[in-house]
Structures are given as structure tokens and as C-alpha cells.
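Peer 1: One structure coming up, written as C-alpha cells, with questions to follow.
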Amino acid sequence: MIHLSHVSKSYKTSTRPALEDVTVDVGKGEFAFLIGPSGSGKSTFLRLLLREEAPDRGDMTVAGSDLTKIRRSKVPVHRRRIGCVFQDFRLLSNKTVSQNVGFALEVLGRNRNVVRRVVPEVLELVGLEGKANRLPHELSGGEQQRVAIARAFVNRPLLLLADEPTGNLDPDTSADIMLLLERINRTGTTVLMATHDNAIVDSMRRRVIELQLGKVVRDEDRGVYGVGR
Ligand SMILES: Nc1ncnc2c1ncn2[C@@H]1O[C@H](COP(=O)(O)OP(=O)(O)OP(=O)(O)O)[C@@H](O)[C@H]1O
């Protein structure tokens, strides 16, 4: 699902590469954490997967797209295969829960009957069946993140990228969000989550890919966050 071979990326204004000689393979249906200190390259890694940035060197194939060769016109099709969840939820504040989720289908041209059928199913999956008509500001942070996950998942992406999804949530709410991401992973969706949350990484014992100064320094099955970070 994610294949990077000797990938490097430098930003023009930066003296050192943001990613250097990164080789990582994540298979279909896997769950992996991407960890590392601030500035280690996690966001750059996610941006490359979405083709928000292009690699300078190396080969990469993500969700079936060869990102070393992809044409600009094909980038939107590539991004549709990937769901994204962020620390700050990024919901549309003037739309209800079901409109936020439905919008993700409408922009892909799905017909109204499909939207009407699928949105309640996904809201049930994330545990928000009673809150379809609320606005984001009428929800807790954890509930807002559930909406964001529903929106990311409603198109059944092959790959879900989560960038610090628990960064604004308390430990109990974070644990609930992780259960939800595990549930989504069990449907066959590959999940890659960038995080600083050591308690979550330690409790889940999943694959851990660790970056430092743009290099992969650890790639371990059933890993922990690590001591002293
Ligand atoms: N748009 C940019 N232009 C120039 N340099 C950048 C840009 N984005 C990131 N960098 C640099 O690339 C390196 C990697 O940054 P990146 O944001 O990928 O790290 P990160 O691990 O996601 O950090 P954080 O945990 O703080 O989000 C850093 O040295 C950073 O300063």
C-alpha cells in the first residue's frame, strides 16, 4: 500500500534534507505508527504520500499510484483513495454532522440516494447516530474527531492517514478514538498514524516507524514509543 525506496526530499530554504534515503513498505491492511521528535520529517512523509510534495530522489508507490511518474491531472484521483484526519479536526463549522460527512461524497458526484443511505451507516460506525443534526460547536472534541474520521472513511479509502489525531484530546477520549481507528483498520483499511502520544503507542503495541533528522532509525513490529523521549 505504501512503498518508498531510497526516497529523499529537501525543501529549498532548508539546509538539511527533511527526509533522507527513506525506505519503508507498509502492506495492505497494516496499522503503523510514525513517530519522531519535532522536525524529524513526519509531516513531510505524509505530504509525500498525498503528493502535496514530490520526492527529489527514490521510488515511491502509494495506494496504487506511482508517485515518481504521476501526472498532475491524476493527483486528485490519487488523493481520493486516501482519507485524512488531523489534530484540529477541520470540520466545516456551518454544516451539521451529517452534512460534513455527506459533503465528502457529494464532491465526488455520488447521487443523493447514495448519500442518504451511506451517511447514517458511517455515523453509526463511529458512534454518532444520535447527533447527525448537530453543528460542530455543539460537540465535544472527541465527537468532532469522530465526525472527521467518518468523513475520511465514508469513501472507503484504501489508506487512512492520521496526523496527531489525539493531539487535542484527553487520555480517555484518545483511547476511544484509537478503538475507532482499530475498527476501521479491521475493515481492511491501511492506517498510518503520526503521533507524539507515547501512552497510546505503548498501549497498542503496533508497528512503529521512527524518524530522526529525516532518516528511519527504527522500524519495529509491536513496538513501543521508546524510553526517555
Ligand atoms: N515548507 C517547508 N519549507 C522549508 N522547510 C520545511 C518545510 N516544512 C518542513 N520543513 C523542514 O523539514 C524538516 C522536517 O519537518 P516536518 O514538518 O516534516 O517534521 P515533523 O516531524 O512533522 O515535525 P512536527 O512533529 O513538529 O510536526 C524540518 O527541519 C523543517 O524545518
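Simple scheme: letters A, B, ... for chains in C-alpha cells order, numbers from 1 for residues in each chain, numbers from 1 for ligands in the order shown.
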Counting only C-alpha atoms and all ligand atoms, which residues in chain A sit no more than 9 Å from ligand 1? For each one, give the nearest pair of atoms and the distance in Å, sorted by chain then residue number, as a Markdown table.
Peer 2:
```
| residue | atom | partner | partner_atom_place_in_ligand_line | distance |
| --- | --- | --- | --- | --- |
| A:Lys9 | CA | ligand 1 | 12 (O) | 8.7 |
| A:Ser10 | CA | ligand 1 | 12 (O) | 7.3 |
| A:Tyr11 | CA | ligand 1 | 4 (C) | 4.7 |
| A:Lys12 | CA | ligand 1 | 4 (C) | 6.4 |
| A:Thr13 | CA | ligand 1 | 4 (C) | 5.2 |
| A:Ser14 | CA | ligand 1 | 5 (N) | 5.0 |
| A:Thr15 | CA | ligand 1 | 29 (O) | 8.3 |
| A:Arg16 | CA | ligand 1 | 29 (O) | 7.0 |
| A:Pro17 | CA | ligand 1 | 12 (O) | 6.8 |
| A:Ala18 | CA | ligand 1 | 12 (O) | 4.1 |
| A:Leu19 | CA | ligand 1 | 14 (C) | 7.1 |
| A:Ile35 | CA | ligand 1 | 21 (O) | 7.7 |
| A:Gly36 | CA | ligand 1 | 21 (O) | 6.1 |
| A:Pro37 | CA | ligand 1 | 25 (O) | 5.8 |
| A:Ser38 | CA | ligand 1 | 26 (O) | 3.5 |
| A:Gly39 | CA | ligand 1 | 19 (O) | 3.4 |
| A:Ser40 | CA | ligand 1 | 21 (O) | 3.9 |
| A:Gly41 | CA | ligand 1 | 18 (O) | 3.2 |
| A:Lys42 | CA | ligand 1 | 21 (O) | 3.8 |
| A:Ser43 | CA | ligand 1 | 22 (O) | 3.5 |
| A:Thr44 | CA | ligand 1 | 18 (O) | 3.7 |
| A:Phe45 | CA | ligand 1 | 18 (O) | 6.5 |
| A:Leu46 | CA | ligand 1 | 18 (O) | 8.2 |
| A:Arg47 | CA | ligand 1 | 18 (O) | 8.3 |
| A:Asp163 | CA | ligand 1 | 27 (O) | 8.7 |
| A:Glu164 | CA | ligand 1 | 25 (O) | 8.7 |
| A:Ala194 | CA | ligand 1 | 22 (O) | 8.1 |
| A:Thr195 | CA | ligand 1 | 25 (O) | 7.8 |
| A:His196 | CA | ligand 1 | 25 (O) | 7.4 |
| A:Leu211 | CA | ligand 1 | 21 (O) | 7.6 |
| A:Gln212 | CA | ligand 1 | 21 (O) | 8.1 |
| A:Leu213 | CA | ligand 1 | 14 (C) | 7.3 |
| A:Gly214 | CA | ligand 1 | 14 (C) | 6.7 |
```
Peer 1: Could you please write out, as number ranges by chain, every residue of stretch 2-214 of chain A that DSSP assigns to strand (DSSP E or B)?
Peer 2: A: 2-9, 19-26, 31-35, 57-62, 65-66, 82-86, 159-163, 190-194, 207-212
Peer 1: Could you turn the residues from that selection into a file that holds C-alpha atoms, as a PDB file, in the first residue's frame?
Peer 2:
```
ATOM      1  CA  ILE A   2       2.924   2.297   0.833  1.00  0.00           C
ATOM      2  CA  HIS A   3       6.231   1.610  -0.852  1.00  0.00           C
ATOM      3  CA  LEU A   4       9.130   4.036  -0.536  1.00  0.00           C
ATOM      4  CA  SER A   5      12.577   3.097  -1.759  1.00  0.00           C
ATOM      5  CA  HIS A   6      15.540   5.408  -1.040  1.00  0.00           C
ATOM      6  CA  VAL A   7      13.321   8.484  -1.008  1.00  0.00           C
ATOM      7  CA  SER A   8      14.840  11.882  -0.212  1.00  0.00           C
ATOM      8  CA  LYS A   9      13.214  15.277   0.000  1.00  0.00           C
ATOM      9  CA  LEU A  19      13.761  13.121   4.504  1.00  0.00           C
ATOM     10  CA  GLU A  20      16.913  11.255   3.539  1.00  0.00           C
ATOM     11  CA  ASP A  21      17.179   7.834   1.923  1.00  0.00           C
ATOM     12  CA  VAL A  22      13.908   6.578   3.404  1.00  0.00           C
ATOM     13  CA  THR A  23      12.900   3.011   2.563  1.00  0.00           C
ATOM     14  CA  VAL A  24       9.590   1.836   4.048  1.00  0.00           C
ATOM     15  CA  ASP A  25       6.952  -0.691   2.999  1.00  0.00           C
ATOM     16  CA  VAL A  26       3.526  -0.814   4.625  1.00  0.00           C
ATOM     17  CA  PHE A  31      -1.608  -0.421  11.144  1.00  0.00           C
ATOM     18  CA  ALA A  32       1.564   1.573  11.765  1.00  0.00           C
ATOM     19  CA  PHE A  33       2.663   4.493  13.899  1.00  0.00           C
ATOM     20  CA  LEU A  34       5.041   7.119  12.544  1.00  0.00           C
ATOM     21  CA  ILE A  35       6.932   8.701  15.416  1.00  0.00           C
ATOM     22  CA  ARG A  57      15.037  11.080  -5.365  1.00  0.00           C
ATOM     23  CA  GLY A  58      13.913   7.495  -4.948  1.00  0.00           C
ATOM     24  CA  ASP A  59      10.865   5.498  -5.963  1.00  0.00           C
ATOM     25  CA  MET A  60       7.500   5.580  -4.319  1.00  0.00           C
ATOM     26  CA  THR A  61       4.171   3.880  -4.968  1.00  0.00           C
ATOM     27  CA  VAL A  62       1.207   4.696  -2.741  1.00  0.00           C
ATOM     28  CA  SER A  65      -0.127   5.294  -7.791  1.00  0.00           C
ATOM     29  CA  ASP A  66       3.476   5.505  -8.931  1.00  0.00           C
ATOM     30  CA  ILE A  82      -6.638   8.297   0.828  1.00  0.00           C
ATOM     31  CA  GLY A  83      -8.595   9.503   3.852  1.00  0.00           C
ATOM     32  CA  CYS A  84      -7.032  12.107   6.151  1.00  0.00           C
ATOM     33  CA  VAL A  85      -7.614  13.001   9.783  1.00  0.00           C
ATOM     34  CA  PHE A  86      -5.874  15.903  11.526  1.00  0.00           C
ATOM     35  CA  LEU A 159      -5.397   4.164   3.161  1.00  0.00           C
ATOM     36  CA  LEU A 160      -6.173   6.364   6.169  1.00  0.00           C
ATOM     37  CA  LEU A 161      -3.533   8.897   7.247  1.00  0.00           C
ATOM     38  CA  ALA A 162      -3.938  10.361  10.712  1.00  0.00           C
ATOM     39  CA  ASP A 163      -1.705  13.281  11.730  1.00  0.00           C
ATOM     40  CA  THR A 190      -4.427   0.524   5.995  1.00  0.00           C
ATOM     41  CA  VAL A 191      -3.843   3.066   8.782  1.00  0.00           C
ATOM     42  CA  LEU A 192      -0.725   5.198   9.245  1.00  0.00           C
ATOM     43  CA  MET A 193      -0.772   7.492  12.254  1.00  0.00           C
ATOM     44  CA  ALA A 194       1.829  10.163  13.049  1.00  0.00           C
ATOM     45  CA  ARG A 207       4.305  -1.412  14.194  1.00  0.00           C
ATOM     46  CA  VAL A 208       6.441   1.652  14.955  1.00  0.00           C
ATOM     47  CA  ILE A 209       8.395   3.518  12.277  1.00  0.00           C
ATOM     48  CA  GLU A 210      10.664   6.096  13.886  1.00  0.00           C
ATOM     49  CA  LEU A 211      12.246   9.064  12.109  1.00  0.00           C
ATOM     50  CA  GLN A 212      15.111  11.184  13.351  1.00  0.00           C
TER      51      GLN A 212
END
```
Peer 1: Using only C-alpha atoms, which residue out of A:Gln145, A:Asn133, A:Ser203, A:Ser93 lies closest to A:Leu181?
Peer 2: A:Gln145
Peer 1: What gap, in Å, lies between atom CA of A:Val216 and atom CA of A:Thr187?
Peer 2: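 Between atom CA of A:Val216 and atom CA of A:Thr187 the gap is 28.3 Å.
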Peer 1: Taking the DSSP assignment computed from this structure's backbone, write out as a ChimeraX atom specification all residues of stretch 65-207 of chain A that belong to alpha helix (DSSP H).
Peer 2: /A:75-80,97-106,112-125,141-153,171-186,198-204
Peer 1: Taking into account only C-alpha atoms, which residue in the set A:Ala150, A:Leu49, A:Ala199, A:Leu105 is nearest to A:Glu124?
Peer 2: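 Of A:Ala150, A:Leu49, A:Ala199, A:Leu105, the one nearest A:Glu124 is A:Ala150, counting only C-alpha atoms.
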Peer 1: Which residue out of A:Val122, A:Gly109, A:Gln99, A:Phe89 has the minimum interatomic distance to A:Glu143 when only C-alpha atoms are used?
Peer 2: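 Counting only C-alpha atoms, the residue closest to A:Glu143 is A:Phe89.
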Peer 1: Give me the residues near A:Leu91 as a short mmCIF file (atom, residue, chain, number, x, y, z; two decimals) with C-alpha atoms, in the first residue's frame, where near means some atom within 8 Å (using only C-alpha atoms) and where sequence neighbours in that chain fewer than 5 positions away do not count.
Peer 2:
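What ended up in around_2.cif:
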```
data_model
loop_
_atom_site.label_atom_id
_atom_site.label_comp_id
_atom_site.auth_asym_id
_atom_site.auth_seq_id
_atom_site.Cartn_x
_atom_site.Cartn_y
_atom_site.Cartn_z
CA ASN A 100 -19.96 17.34 6.87
CA PRO A 136 -19.54 21.00 15.18
CA GLN A 144 -15.70 16.24 16.45
CA VAL A 147 -17.05 13.21 12.59
CA ALA A 148 -13.68 13.85 10.94
#
```
Peer 1: Looking at only C-alpha atoms, which of A:Ala54, A:Gly29, A:Asn94, A:Gly64 is the one that sits closest to A:His137?
Peer 2: A:Asn94
